[in-house]
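Okay, start-v9.txt is below, compact mmCIF, C-alpha atoms:
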# COMPACT_ATOMS: atom_id res chain seq x y z
CA MET A 680 63.88 -42.42 -112.24
CA ASN A 681 65.46 -40.28 -114.95
CA ASP A 682 63.55 -38.31 -117.60
CA MET A 683 63.96 -41.00 -120.26
CA SER A 684 62.59 -43.71 -117.96
CA ARG A 685 59.63 -41.50 -117.07
CA ARG A 686 58.84 -40.95 -120.74
CA ALA A 687 59.10 -44.69 -121.48
CA ALA A 688 56.68 -45.43 -118.64
CA LEU A 689 54.01 -43.02 -119.90
CA PRO A 690 51.06 -44.39 -121.89
CA PRO A 691 51.25 -43.92 -125.66
CA GLN A 692 50.52 -40.41 -126.81
CA LYS A 693 48.17 -39.34 -129.55
CA GLY A 694 48.87 -41.08 -132.83
CA ASP A 695 50.58 -44.01 -131.11
CA ALA A 696 53.99 -42.40 -131.48
CA ARG A 697 56.69 -44.71 -130.23
CA PRO A 698 57.89 -43.80 -126.70
CA ASP A 699 61.32 -42.19 -126.74
CA THR A 700 63.97 -44.66 -125.71
CA ALA A 701 67.60 -45.57 -126.30
CA ARG A 702 69.16 -48.75 -127.57
CA PRO A 703 71.73 -50.70 -125.60
CA ARG A 704 75.30 -49.78 -126.48
CA PRO A 705 76.22 -52.04 -129.41
CA ALA A 706 78.65 -54.93 -128.99
CA ARG A 707 79.46 -54.88 -132.71
CA SER A 708 79.37 -51.93 -135.07
CA GLY A 709 79.22 -53.60 -138.49
CA PRO A 710 78.36 -53.04 -141.26
CA PHE A 711 75.90 -55.93 -141.48
CA GLY A 712 73.50 -57.19 -144.11
CA VAL A 713 70.12 -58.48 -142.94
CA LEU A 714 67.31 -60.04 -144.95
CA ASP A 715 63.63 -60.31 -144.07
CA ILE A 716 62.00 -63.00 -146.21
CA GLY A 717 58.23 -62.72 -145.91
CA SER A 718 55.15 -63.84 -147.79
CA THR A 719 54.20 -60.35 -149.00
CA LYS A 720 57.59 -58.65 -149.17
CA ILE A 721 61.30 -59.41 -149.20
CA ALA A 722 63.47 -56.64 -147.76
CA CYS A 723 67.22 -56.19 -147.35
CA LEU A 724 68.95 -53.68 -145.09
CA ILE A 725 72.64 -52.92 -144.87
CA GLY A 726 73.52 -50.92 -141.78
CA ARG A 727 75.73 -50.35 -138.81
CA ALA A 728 75.44 -49.19 -135.20
CA GLU A 729 76.68 -45.82 -134.03
CA SER A 730 78.56 -45.50 -130.74
CA ASP A 731 75.42 -44.17 -129.02
CA GLY A 732 73.42 -47.26 -130.00
CA ARG A 733 71.48 -45.73 -132.86
CA LEU A 734 71.24 -47.74 -136.06
CA ARG A 735 72.22 -46.22 -139.39
CA ALA A 736 71.03 -47.52 -142.74
CA LEU A 737 73.63 -47.63 -145.50
CA GLY A 738 71.49 -49.36 -148.09
CA PHE A 739 67.89 -50.54 -148.37
CA GLY A 740 65.91 -52.48 -150.95
CA TRP A 741 62.65 -54.38 -151.05
CA GLN A 742 60.52 -56.37 -153.47
CA LYS A 743 57.05 -57.82 -153.47
CA GLY A 744 57.20 -61.32 -151.98
CA ARG A 745 57.33 -64.05 -154.61
CA GLY A 746 57.84 -67.76 -154.21
CA ILE A 747 57.06 -67.57 -150.46
CA LYS A 748 54.01 -68.94 -148.66
CA SER A 749 53.47 -68.74 -144.90
CA GLY A 750 57.13 -67.83 -144.50
CA GLY A 751 58.39 -70.91 -146.38
CA ILE A 752 59.91 -71.14 -149.84
CA VAL A 753 57.58 -72.79 -152.37
CA ASP A 754 59.24 -71.64 -155.63
CA LEU A 755 63.04 -71.39 -155.66
CA ASP A 756 63.24 -69.49 -158.96
CA GLU A 757 60.71 -66.83 -158.00
CA ALA A 758 62.17 -66.42 -154.51
CA GLU A 759 65.70 -66.14 -155.93
CA ARG A 760 64.68 -63.36 -158.33
CA ALA A 761 62.95 -61.38 -155.57
CA ILE A 762 65.87 -61.80 -153.14
CA ARG A 763 68.45 -60.83 -155.77
CA ALA A 764 66.47 -57.69 -156.64
CA ALA A 765 66.06 -56.60 -152.99
CA VAL A 766 69.70 -57.33 -152.09
CA GLY A 767 70.97 -55.70 -155.28
CA ALA A 768 69.10 -52.46 -154.54
CA ALA A 769 70.54 -52.34 -151.01
CA GLU A 770 74.06 -53.11 -152.26
CA ASP A 771 73.92 -50.37 -154.90
CA GLN A 772 72.74 -47.84 -152.34
CA ALA A 773 75.45 -48.86 -149.84
CA ASP A 774 78.09 -49.17 -152.57
CA MET A 775 79.21 -52.55 -151.26
CA ARG A 776 78.64 -56.24 -151.98
CA LEU A 777 77.34 -58.68 -149.41
CA LYS A 778 78.88 -62.11 -148.96
CA SER A 779 76.66 -63.13 -146.06
CA VAL A 780 73.43 -62.03 -144.38
CA ILE A 781 71.52 -62.56 -141.16
CA VAL A 782 68.08 -63.84 -142.12
CA ASN A 783 64.78 -64.20 -140.29
CA LEU A 784 63.26 -67.63 -139.77
CA SER A 785 59.49 -68.00 -139.93
CA CYS A 786 59.30 -71.27 -141.87
CA GLY A 787 59.48 -74.88 -140.74
CA GLN A 788 56.82 -74.75 -137.99
CA PRO A 789 59.13 -73.21 -135.36
CA GLU A 790 58.67 -74.41 -131.79
CA SER A 791 59.69 -72.84 -128.48
CA ARG A 792 60.65 -74.84 -125.36
CA LEU A 793 62.33 -74.26 -122.00
CA PHE A 794 64.98 -76.59 -120.55
CA ASN A 795 66.69 -76.74 -117.15
CA VAL A 796 70.29 -77.95 -117.24
CA GLN A 797 72.61 -78.76 -114.31
CA TRP A 798 76.35 -79.02 -114.86
CA PRO A 799 78.96 -80.25 -112.31
CA ILE A 800 81.67 -77.69 -111.46
CA ASP A 801 83.13 -79.45 -108.39
CA GLY A 802 84.11 -76.40 -106.37
CA ARG A 803 86.18 -74.55 -108.98
CA ALA A 804 85.47 -71.27 -110.76
CA VAL A 805 82.97 -71.36 -113.61
CA ALA A 806 84.68 -70.94 -117.00
CA GLY A 807 83.40 -70.05 -120.46
CA ASP A 808 83.71 -73.69 -121.53
CA ASP A 809 81.24 -74.67 -118.81
CA ILE A 810 78.65 -72.30 -120.21
CA ARG A 811 79.25 -73.64 -123.71
CA ARG A 812 78.67 -77.16 -122.40
CA VAL A 813 75.42 -76.10 -120.74
CA VAL A 814 74.19 -74.64 -124.03
CA ARG A 815 75.26 -77.73 -125.97
CA GLU A 816 73.50 -79.95 -123.42
CA ALA A 817 70.27 -77.99 -123.96
CA ARG A 818 70.68 -78.34 -127.72
CA SER A 819 71.24 -82.07 -127.29
CA ARG A 820 68.11 -82.50 -125.16
CA ALA A 821 66.05 -80.50 -127.63
CA ALA A 822 67.38 -82.43 -130.64
CA SER A 823 64.82 -84.54 -132.44
CA GLU A 824 64.76 -86.14 -135.85
CA GLY A 825 63.98 -83.67 -138.61
CA ARG A 826 64.41 -80.57 -136.40
CA GLY A 827 67.24 -78.05 -136.29
CA THR A 828 68.00 -75.71 -133.38
CA ILE A 829 67.95 -72.00 -134.21
CA HIS A 830 68.45 -70.48 -130.75
CA ALA A 831 69.58 -71.86 -127.40
CA LEU A 832 69.28 -68.77 -125.20
CA PRO A 833 70.47 -68.87 -121.55
CA LEU A 834 67.82 -67.08 -119.49
CA ASN A 835 69.41 -67.22 -116.05
CA PHE A 836 72.01 -69.07 -114.01
CA ALA A 837 72.30 -70.32 -110.45
CA THR A 838 75.56 -71.21 -108.69
CA ASP A 839 74.57 -73.83 -106.14
CA GLU A 840 71.76 -72.15 -104.16
CA THR A 841 72.44 -68.61 -105.41
CA GLY A 842 70.06 -67.72 -108.22
CA GLY A 843 69.61 -64.69 -110.43
CA VAL A 844 73.18 -64.79 -111.80
CA ALA A 845 73.50 -63.09 -115.17
CA ASP A 846 77.08 -64.22 -115.93
CA PRO A 847 78.52 -66.93 -113.64
CA ARG A 848 82.08 -66.88 -114.99
CA GLY A 849 84.62 -66.58 -112.19
CA LEU A 850 82.17 -67.65 -109.46
CA TYR A 851 82.93 -70.78 -107.44
CA CYS A 852 80.31 -73.48 -107.00
CA ASP A 853 79.71 -77.22 -107.04
CA THR A 854 76.83 -77.17 -109.51
CA LEU A 855 75.92 -74.69 -112.23
CA THR A 856 72.21 -74.59 -113.09
CA SER A 857 70.69 -72.77 -116.02
CA GLN A 858 67.33 -72.36 -117.69
CA LEU A 859 67.53 -72.10 -121.47
CA HIS A 860 65.04 -71.18 -124.15
CA VAL A 861 65.42 -73.34 -127.26
CA ILE A 862 63.76 -72.53 -130.60
CA ASP A 863 63.92 -75.06 -133.42
CA ALA A 864 62.38 -75.65 -136.84
CA ALA A 865 62.04 -78.33 -139.48
CA THR A 866 65.43 -79.18 -140.99
CA THR A 867 64.02 -79.47 -144.52
CA ALA A 868 62.69 -75.90 -144.43
CA ILE A 869 66.06 -74.63 -143.18
CA LYS A 870 67.83 -76.50 -145.99
CA SER A 871 65.49 -75.00 -148.60
CA LEU A 872 66.17 -71.51 -147.24
CA THR A 873 69.92 -72.13 -147.27
CA ALA A 874 69.79 -73.50 -150.82
CA CYS A 875 67.85 -70.45 -152.04
CA LEU A 876 70.39 -68.03 -150.60
CA GLU A 877 73.26 -70.07 -152.03
CA ARG A 878 71.68 -69.58 -155.44
CA CYS A 879 71.79 -65.86 -154.69
CA GLU A 880 75.53 -66.23 -153.85
CA LEU A 881 74.92 -65.43 -150.19
CA GLU A 882 75.93 -67.30 -147.06
CA ILE A 883 73.79 -67.30 -143.92
CA SER A 884 75.84 -65.82 -141.09
CA GLY A 885 72.95 -66.22 -138.67
CA MET A 886 69.27 -67.12 -138.41
CA VAL A 887 66.99 -65.20 -136.08
CA SER A 888 63.48 -66.18 -135.05
CA ALA A 889 61.14 -63.64 -136.68
CA PRO A 890 59.12 -62.89 -133.49
CA PHE A 891 62.40 -62.39 -131.60
CA ALA A 892 63.46 -59.73 -134.12
CA SER A 893 60.06 -58.01 -133.98
CA GLY A 894 60.33 -57.72 -130.20
CA LEU A 895 63.83 -56.26 -130.36
CA ALA A 896 62.58 -53.60 -132.76
CA THR A 897 59.44 -52.50 -130.93
CA LEU A 898 59.78 -52.97 -127.16
CA VAL A 899 61.10 -50.27 -124.87
CA ALA A 900 63.43 -51.17 -122.01
CA ASP A 901 60.72 -51.16 -119.33
CA GLU A 902 58.52 -53.51 -121.36
CA ARG A 903 61.35 -55.98 -121.84
CA GLU A 904 62.06 -55.94 -118.11
CA LEU A 905 58.53 -55.93 -116.66
CA GLY A 906 56.96 -58.23 -119.23
CA ALA A 907 55.18 -57.70 -122.53
CA THR A 908 53.86 -59.69 -125.47
CA VAL A 909 54.54 -58.72 -129.07
CA ILE A 910 52.04 -59.76 -131.75
CA ASP A 911 53.40 -59.22 -135.26
CA MET A 912 50.61 -59.45 -137.84
CA GLY A 913 52.44 -60.21 -141.06
CA GLY A 914 51.15 -61.09 -144.49
CA GLY A 915 51.17 -64.89 -144.35
CA THR A 916 51.72 -65.49 -140.63
CA THR A 917 51.17 -63.88 -137.24
CA THR A 918 53.95 -64.34 -134.72
CA ILE A 919 53.92 -64.00 -130.94
CA SER A 920 56.84 -63.34 -128.59
CA VAL A 921 56.86 -63.01 -124.81
CA PHE A 922 59.58 -60.95 -123.12
CA ALA A 923 60.30 -60.52 -119.41
CA GLU A 924 63.36 -59.75 -117.29
CA ASN A 925 65.17 -58.67 -120.48
CA HIS A 926 64.85 -62.15 -122.01
CA LEU A 927 62.80 -63.79 -124.73
CA LEU A 928 60.76 -66.43 -122.90
CA HIS A 929 58.45 -67.82 -125.57
CA THR A 930 57.58 -67.63 -129.26
CA ALA A 931 54.67 -68.95 -131.30
CA GLN A 932 53.47 -68.69 -134.87
CA LEU A 933 49.98 -68.73 -136.39
CA PRO A 934 49.56 -69.66 -140.07
CA ILE A 935 47.24 -66.72 -140.70
CA GLY A 936 47.84 -63.07 -141.52
CA GLY A 937 46.92 -60.12 -143.70
CA ILE A 938 46.85 -62.17 -146.92
CA HIS A 939 43.97 -64.21 -145.53
CA VAL A 940 41.97 -61.04 -144.87
CA THR A 941 42.57 -59.94 -148.47
CA ASN A 942 41.55 -63.34 -149.83
CA ASP A 943 38.35 -63.25 -147.77
CA VAL A 944 37.45 -59.88 -149.28
CA ALA A 945 38.26 -61.07 -152.82
CA ARG A 946 36.25 -64.28 -152.48
CA LEU A 947 33.16 -62.88 -150.77
CA LEU A 948 32.93 -59.74 -152.92
CA SER A 949 33.86 -61.62 -156.15
CA THR A 950 36.62 -59.17 -157.01
CA GLN A 951 40.27 -59.45 -157.98
CA VAL A 952 42.84 -59.99 -155.23
CA ALA A 953 44.64 -56.76 -156.18
CA HIS A 954 41.44 -54.75 -155.81
CA ALA A 955 40.57 -56.55 -152.59
CA GLU A 956 43.94 -55.44 -151.19
CA ARG A 957 43.18 -51.88 -152.28
CA LEU A 958 39.75 -51.98 -150.61
CA LYS A 959 41.27 -53.33 -147.41
CA THR A 960 44.00 -50.69 -147.36
CA LEU A 961 41.85 -47.67 -148.20
CA TYR A 962 38.53 -48.50 -146.54
CA GLY A 963 39.19 -51.50 -144.28
CA THR A 964 38.40 -51.24 -140.58
CA CYS A 965 37.52 -53.47 -137.64
CA GLN A 966 35.14 -50.89 -136.20
CA GLU A 967 31.51 -50.68 -137.19
CA SER A 968 29.96 -47.26 -137.81
CA PRO A 969 26.36 -46.13 -138.41
CA ASP A 970 27.51 -44.52 -141.67
CA ASP A 971 28.91 -47.78 -143.10
CA ALA A 972 25.58 -48.87 -144.57
CA ARG A 973 25.22 -45.60 -146.49
CA GLU A 974 28.79 -45.37 -147.84
CA LEU A 975 29.03 -47.29 -151.13
CA LEU A 976 32.36 -48.62 -152.41
CA PRO A 977 33.15 -49.38 -156.08
CA VAL A 978 33.94 -53.07 -156.61
CA PRO A 979 34.88 -54.37 -160.08
CA LEU A 980 33.64 -57.95 -160.40
CA VAL A 981 35.75 -60.86 -161.62
CA GLY A 982 34.98 -61.78 -165.23
CA GLU A 983 32.79 -58.74 -165.89
CA ALA A 984 33.52 -55.88 -168.29
CA GLU A 985 35.66 -53.07 -166.88
CA HIS A 986 32.81 -50.57 -166.93
CA GLN A 987 30.52 -52.89 -164.96
CA ILE A 988 31.30 -51.99 -161.35
CA ALA A 989 29.18 -53.04 -158.41
CA LYS A 990 28.42 -50.75 -155.50
CA VAL A 991 28.90 -52.42 -152.11
CA PRO A 992 28.18 -50.80 -148.74
CA ARG A 993 31.19 -50.35 -146.52
CA SER A 994 29.39 -52.35 -143.85
CA ALA A 995 29.80 -55.44 -146.06
CA LEU A 996 33.57 -54.91 -146.13
CA VAL A 997 33.68 -54.50 -142.33
CA SER A 998 31.62 -57.67 -141.85
CA ILE A 999 34.26 -59.60 -143.83
CA ILE A 1000 37.38 -58.10 -142.22
CA ARG A 1001 36.35 -58.09 -138.56
CA PRO A 1002 35.68 -61.86 -138.11
CA ARG A 1003 39.11 -62.77 -139.54
CA ILE A 1004 40.93 -60.26 -137.30
CA GLU A 1005 38.92 -61.52 -134.32
CA GLU A 1006 40.02 -65.07 -135.18
CA ILE A 1007 43.68 -64.01 -135.20
CA PHE A 1008 43.44 -62.38 -131.76
CA GLU A 1009 41.47 -65.29 -130.31
CA LEU A 1010 44.10 -67.76 -131.53
CA ALA A 1011 46.84 -65.50 -130.12
CA ARG A 1012 45.03 -65.36 -126.76
CA ASP A 1013 44.82 -69.16 -126.68
CA ARG A 1014 48.53 -69.53 -127.49
CA ILE A 1015 49.51 -67.10 -124.73
CA GLU A 1016 47.33 -68.90 -122.19
CA THR A 1017 48.58 -72.39 -123.10
CA SER A 1018 52.22 -71.25 -122.92
CA GLY A 1019 51.93 -71.05 -119.12
CA LEU A 1020 53.53 -67.60 -119.20
CA GLY A 1021 50.40 -65.51 -118.77
CA ARG A 1022 51.73 -63.70 -115.69
CA ALA A 1023 55.27 -63.31 -117.09
CA ALA A 1024 53.80 -61.86 -120.27
CA GLY A 1025 52.57 -58.90 -118.26
CA ALA A 1026 49.48 -56.83 -118.87
CA ARG A 1027 50.81 -55.16 -122.00
CA VAL A 1028 50.65 -56.15 -125.66
CA VAL A 1029 52.55 -54.45 -128.44
CA LEU A 1030 50.85 -54.86 -131.80
CA THR A 1031 53.00 -54.54 -134.92
CA GLY A 1032 53.18 -55.74 -138.53
CA GLY A 1033 51.36 -54.54 -141.65
CA ALA A 1034 47.92 -55.92 -140.74
CA ALA A 1035 48.11 -54.22 -137.34
CA GLN A 1036 47.62 -50.88 -139.11
CA LEU A 1037 43.97 -51.66 -139.86
CA VAL A 1038 41.72 -49.09 -138.21
CA GLY A 1039 40.29 -50.51 -135.00
CA ALA A 1040 42.74 -53.45 -134.74
CA ARG A 1041 44.25 -52.08 -131.54
CA GLU A 1042 40.88 -51.63 -129.83
CA LEU A 1043 39.71 -55.08 -130.93
CA ALA A 1044 42.91 -56.65 -129.60
CA ALA A 1045 42.48 -54.92 -126.23
CA HIS A 1046 38.93 -56.26 -125.98
CA ILE A 1047 39.75 -59.87 -126.89
CA LEU A 1048 43.12 -60.14 -125.08
CA ASN A 1049 41.96 -58.14 -122.02
CA ARG A 1050 45.28 -56.31 -121.93
CA GLN A 1051 46.64 -52.85 -122.58
CA VAL A 1052 47.56 -52.65 -126.26
CA ARG A 1053 49.66 -50.15 -128.17
CA LEU A 1054 50.73 -50.01 -131.79
CA GLY A 1055 54.45 -50.75 -131.95
CA ARG A 1056 56.57 -48.90 -134.46
CA PRO A 1057 60.20 -50.00 -134.70
CA PHE A 1058 63.06 -47.90 -133.41
CA GLY A 1059 63.97 -45.19 -135.87
CA VAL A 1060 66.91 -46.02 -138.12
CA ILE A 1061 68.89 -43.07 -139.42
CA GLY A 1062 68.89 -42.92 -143.20
CA LEU A 1063 65.86 -45.13 -143.88
CA PRO A 1064 63.05 -43.77 -146.08
CA ASP A 1065 59.88 -42.99 -144.14
CA ALA A 1066 58.00 -45.76 -145.95
CA ALA A 1067 60.39 -48.33 -144.41
CA THR A 1068 59.98 -47.23 -140.79
CA GLY A 1069 56.43 -48.48 -140.20
CA PRO A 1070 55.22 -51.56 -138.30
CA ASN A 1071 55.46 -53.73 -141.43
CA PHE A 1072 59.28 -53.38 -141.30
CA ALA A 1073 59.67 -54.27 -137.60
CA THR A 1074 61.28 -57.67 -138.28
CA LEU A 1075 63.84 -56.16 -140.69
CA ILE A 1076 64.94 -53.48 -138.22
CA GLY A 1077 65.01 -56.03 -135.39
CA LEU A 1078 67.38 -58.18 -137.44
CA LEU A 1079 69.83 -55.29 -137.70
CA ALA A 1080 69.51 -54.67 -133.96
CA PHE A 1081 70.30 -58.35 -133.30
CA ALA A 1082 73.31 -58.18 -135.62
CA THR A 1083 74.77 -55.38 -133.50
CA GLY A 1084 74.36 -57.45 -130.33
CA ASP A 1085 70.92 -56.46 -129.02
CA GLY A 1086 69.14 -59.37 -127.34
CA GLN A 1087 72.29 -61.47 -127.08
CA THR A 1088 74.03 -62.49 -123.87
CA MET A 1089 77.76 -62.94 -123.30
CA HIS A 1090 78.81 -61.67 -126.71
CA ASP A 1091 82.39 -62.83 -126.23
CA LEU A 1092 81.40 -66.51 -126.05
CA ASP A 1093 81.01 -68.57 -129.20
CA PHE A 1094 78.33 -71.09 -128.26
CA THR A 1095 78.96 -73.03 -131.47
CA ALA A 1096 82.56 -73.86 -130.48
CA GLU A 1097 83.13 -77.58 -130.27
CA THR A 1098 85.02 -79.56 -127.66
CA PRO A 1099 88.68 -80.02 -128.74
CA ASN A 1100 89.39 -83.24 -130.61
CA GLY A 1101 92.18 -85.62 -129.70
CA VAL A 1102 93.49 -86.86 -126.35
CA LEU A 1103 96.22 -84.21 -126.04
CA ALA A 1104 93.86 -81.33 -126.94
CA ARG A 1105 91.28 -82.50 -124.42
CA LEU A 1106 93.97 -82.90 -121.74
CA ILE A 1107 95.23 -79.34 -122.32
CA ALA A 1108 91.69 -77.98 -122.18
CA PHE A 1109 91.03 -79.94 -118.97
CA LEU A 1110 94.19 -78.53 -117.32
CA LYS A 1111 93.26 -75.00 -118.36
CA ARG A 1112 89.88 -75.35 -116.67
CA ARG A 1113 91.41 -76.75 -113.47
CA LEU A 1114 94.30 -74.28 -113.08

Would you mind writing the file out in structure tokens?
Amino acid sequence: MNDMSRRAALPPQKGDARPDTARPRPARSGPFGVLDIGSTKIACLIGRAESDGRLRALGFGWQKGRGIKSGGIVDLDEAERAIRAAVGAAEDQADMRLKSVIVNLSCGQPESRLFNVQWPIDGRAVAGDDIRRVVREARSRAASEGRGTIHALPLNFATDETGGVADPRGLYCDTLTSQLHVIDAATTAIKSLTACLERCELEISGMVSAPFASGLATLVADERELGATVIDMGGGTTTISVFAENHLLHTAQLPIGGIHVTNDVARLLSTQVAHAERLKTLYGTCQESPDDARELLPVPLVGEAEHQIAKVPRSALVSIIRPRIEEIFELARDRIETSGLGRAAGARVVLTGGAAQLVGARELAAHILNRQVRLGRPFGVIGLPDAATGPNFATLIGLLAFATGDGQTMHDLDFTAETPNGVLARLIAFLKRRL
């Protein structure tokens, strides 16, 4: 084991600093524009990959989330203004204009399923067209009314009885078998997202499942290989992704996040949402302390004069925050168990997202999930401001990593390519496969 592998295998050091690791060598250098559309923030990053795999930011911009609820667009005008502002700031910084972006998908009740596909090869060598057909077959099986496929990811191949084949092209067999991971979402939500970006004069060059991107940004190589679960605690949603053997095996989404914690505080303490957010950020914790009952926090009450401020013990704030965070982890535990991938998920959980930064969240997660838990900060991106390198920007950085080829298999194959039309075109394609 080399020095880098040894460092990656060590437990997190003080302060939860991200283990030192290297990115895979990029398949594409860029530049690329990526857009993270979330309930609490909308962020745009323009960047490229260096030859050593490091990511470099050329332009960055972000805005407070508007017109978005639980990852879905609920107000086109508000969402358009926020997206235009975030993209415009990144474009000005990069001194370039974007025509298309890769965007995260967390709307439309995404679902994750596994499919096994067998394809006849009849003793010849496997060609790229065969793999395309396998992927299209999985898409066809997953197709249902009102749902659109976002990813159809080949996990592994088998040529006849020989399994564990990463790329079967050139191998001879009678039957090609593959397991694929398909992620889809409601077509109407995808159309609304597309329409919003068209209003911003942007095309969607790719959609990436939000938990997939979070995993790409926060997992080290050993975790991806041996098995780990990423829980991204966002503002309006919490997403879950399971990785093993360098593949994404499962995703899930919970309609609950940091906004719900803030709303609980605002409602139960009768204060404004903005002040509830401030209380949560400055004093919020999941850990109880003997001093909490004695420490009094200033809480301006809704509808009262500005000078009339109540004094609330910190213990009251903790008693509001902790049950909601417990609920999130209990729901996440149930989703992991019902996925049937408990063993594949490994004994390690990486916690990321803005709400994961609450004091005591890591320890509470370890207790409820009964797994080792570390706080996952995304890979460093050269040129990003420090404020944009925390766990709340994991999805954004993962999108840029995906754009450069991370997490993708067989980069040279276009899985969206269609079968040639016309008798002559099909005959030529058939002869090419046989010769």

**Study point:** Polymer residues at most 12 Å from Ser823 in chain A, only C-alpha atoms, same-chain spacing of 2 or more positions, as an MDAnalysis selection string
**Key:** chainID A and resid 790 818:821 825:828 863:866

Just to be explicit: take each residue in the selection above, keep C-alpha atoms, and write the result as an mmCIF file, keeping the file's coordinate frame.
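Final output, out.cif:
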data_model
loop_
_atom_site.group_PDB
_atom_site.id
_atom_site.type_symbol
_atom_site.label_atom_id
_atom_site.label_comp_id
_atom_site.auth_asym_id
_atom_site.auth_seq_id
_atom_site.Cartn_x
_atom_site.Cartn_y
_atom_site.Cartn_z
ATOM 1 C CA GLU A 790 58.670 -74.410 -131.790
ATOM 2 C CA ARG A 818 70.680 -78.340 -127.720
ATOM 3 C CA SER A 819 71.240 -82.070 -127.290
ATOM 4 C CA ARG A 820 68.110 -82.500 -125.160
ATOM 5 C CA ALA A 821 66.050 -80.500 -127.630
ATOM 6 C CA GLY A 825 63.980 -83.670 -138.610
ATOM 7 C CA ARG A 826 64.410 -80.570 -136.400
ATOM 8 C CA GLY A 827 67.240 -78.050 -136.290
ATOM 9 C CA THR A 828 68.000 -75.710 -133.380
ATOM 10 C CA ASP A 863 63.920 -75.060 -133.420
ATOM 11 C CA ALA A 864 62.380 -75.650 -136.840
ATOM 12 C CA ALA A 865 62.040 -78.330 -139.480
ATOM 13 C CA THR A 866 65.430 -79.180 -140.990
#

Do you know which residues lie at most 7 Å from (52.4, -65.4, -147.9), with coordinates as in the file and all atoms listed in the file counted, and could you write them as a compact mmCIF listing (two decimals) with C-alpha atoms, keeping the file's coordinate frame?
# COMPACT_ATOMS: atom_id res chain seq x y z
CA GLY A 717 58.23 -62.72 -145.91
CA SER A 718 55.15 -63.84 -147.79
CA THR A 719 54.20 -60.35 -149.00
CA ILE A 747 57.06 -67.57 -150.46
CA LYS A 748 54.01 -68.94 -148.66
CA SER A 749 53.47 -68.74 -144.90
CA GLY A 750 57.13 -67.83 -144.50
CA GLY A 914 51.15 -61.09 -144.49
CA GLY A 915 51.17 -64.89 -144.35
CA ILE A 938 46.85 -62.17 -146.92

- Message: At a cut-off of 12 Å, using only C-alpha atoms, what residues contact Ser998 in chain A? Leave out same-chain residues fewer than 4 positions from it and give the result as a PyMOL selection string.
- Response: chain A and resi 940+943-944+947-948+959+963-968+971-972+991-994+1002-1005

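Here the selection is built from only C-alpha atoms, and the residues within 10 Å of (35.2, -63.8, -160.2) turn out to be Ala945, Arg946, Leu947, Leu948, Ser949, Thr950, Gln951, Val952, Pro979, Leu980, Val981, Gly982 and Glu983 of chain A.
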
Box for range 794-805 of chain A: with edges along x, y and z, all listed atoms inside and 4 Å added on each side, what are the centre and edge lengths in Å to one decimal, as AutoDock Vina command-line options?
--center_x 75.6 --center_y -75.8 --center_z -113.5 --size_x 29.2 --size_y 17.0 --size_z 22.2

Between CA of Asn783 in chain A and CA of Glu757 in chain A lies a distance of 18.4 Å

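Picture a line from CA of Ile1015 in chain A to CA of His929 in chain A; it runs 9.0 Å.
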
Considering only C-alpha atoms, return as a ChimeraX atom specification whatever protein or nucleic-acid residues lie within 6 Å of Leu714 in chain A, sequence-local ones (same chain, fewer than 2 positions apart) excluded. /A:722-723,782

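A straight line drawn from CA of Ser730 in chain A to CA of Glu770 in chain A is 23.3 Å long.
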
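Taking all atoms listed in the file into account, Arg1056 in chain A lies nearest to A:Leu895 out of the set A:Leu895, A:Thr941, A:Gly936, A:His830.
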
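Of the residues listed (A:Ala1044, A:Ile919, A:Ala758, A:Ala773), A:Ala758 shows the shortest atom-to-atom separation from Ser871 in chain A; distances use only C-alpha atoms.
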
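Counting all atoms listed in the file and comparing A:Leu872, A:Leu927, A:Ala907, A:Ala768, the residue that lies closest to Asn835 in chain A is A:Leu927.
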
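Proximity to Ala1035 in chain A was assessed for A:Ser785, A:Ser888, A:Thr917, A:Thr841 counting only C-alpha atoms; the smallest distance is recorded for A:Thr917.
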
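Of the residues under consideration (A:Ala995, A:Ile910, A:Ala953, A:Leu784), A:Ile910 shows the shortest atom-to-atom contact distance to Gly1033 in chain A when counting only C-alpha atoms.
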
| Residue neighbourhood Asn1071 in chain A, 9 Å, all atoms listed in the file, exclusion window fewer than 5 positions, as a VMD selection string | chain A and resid 911 to 913 1031 to 1036 1056

Judged by all atoms listed in the file, the minimum distance to Asp756 in chain A among A:Arg878, A:Cys852, A:Val861, A:Arg727 is found for A:Arg878
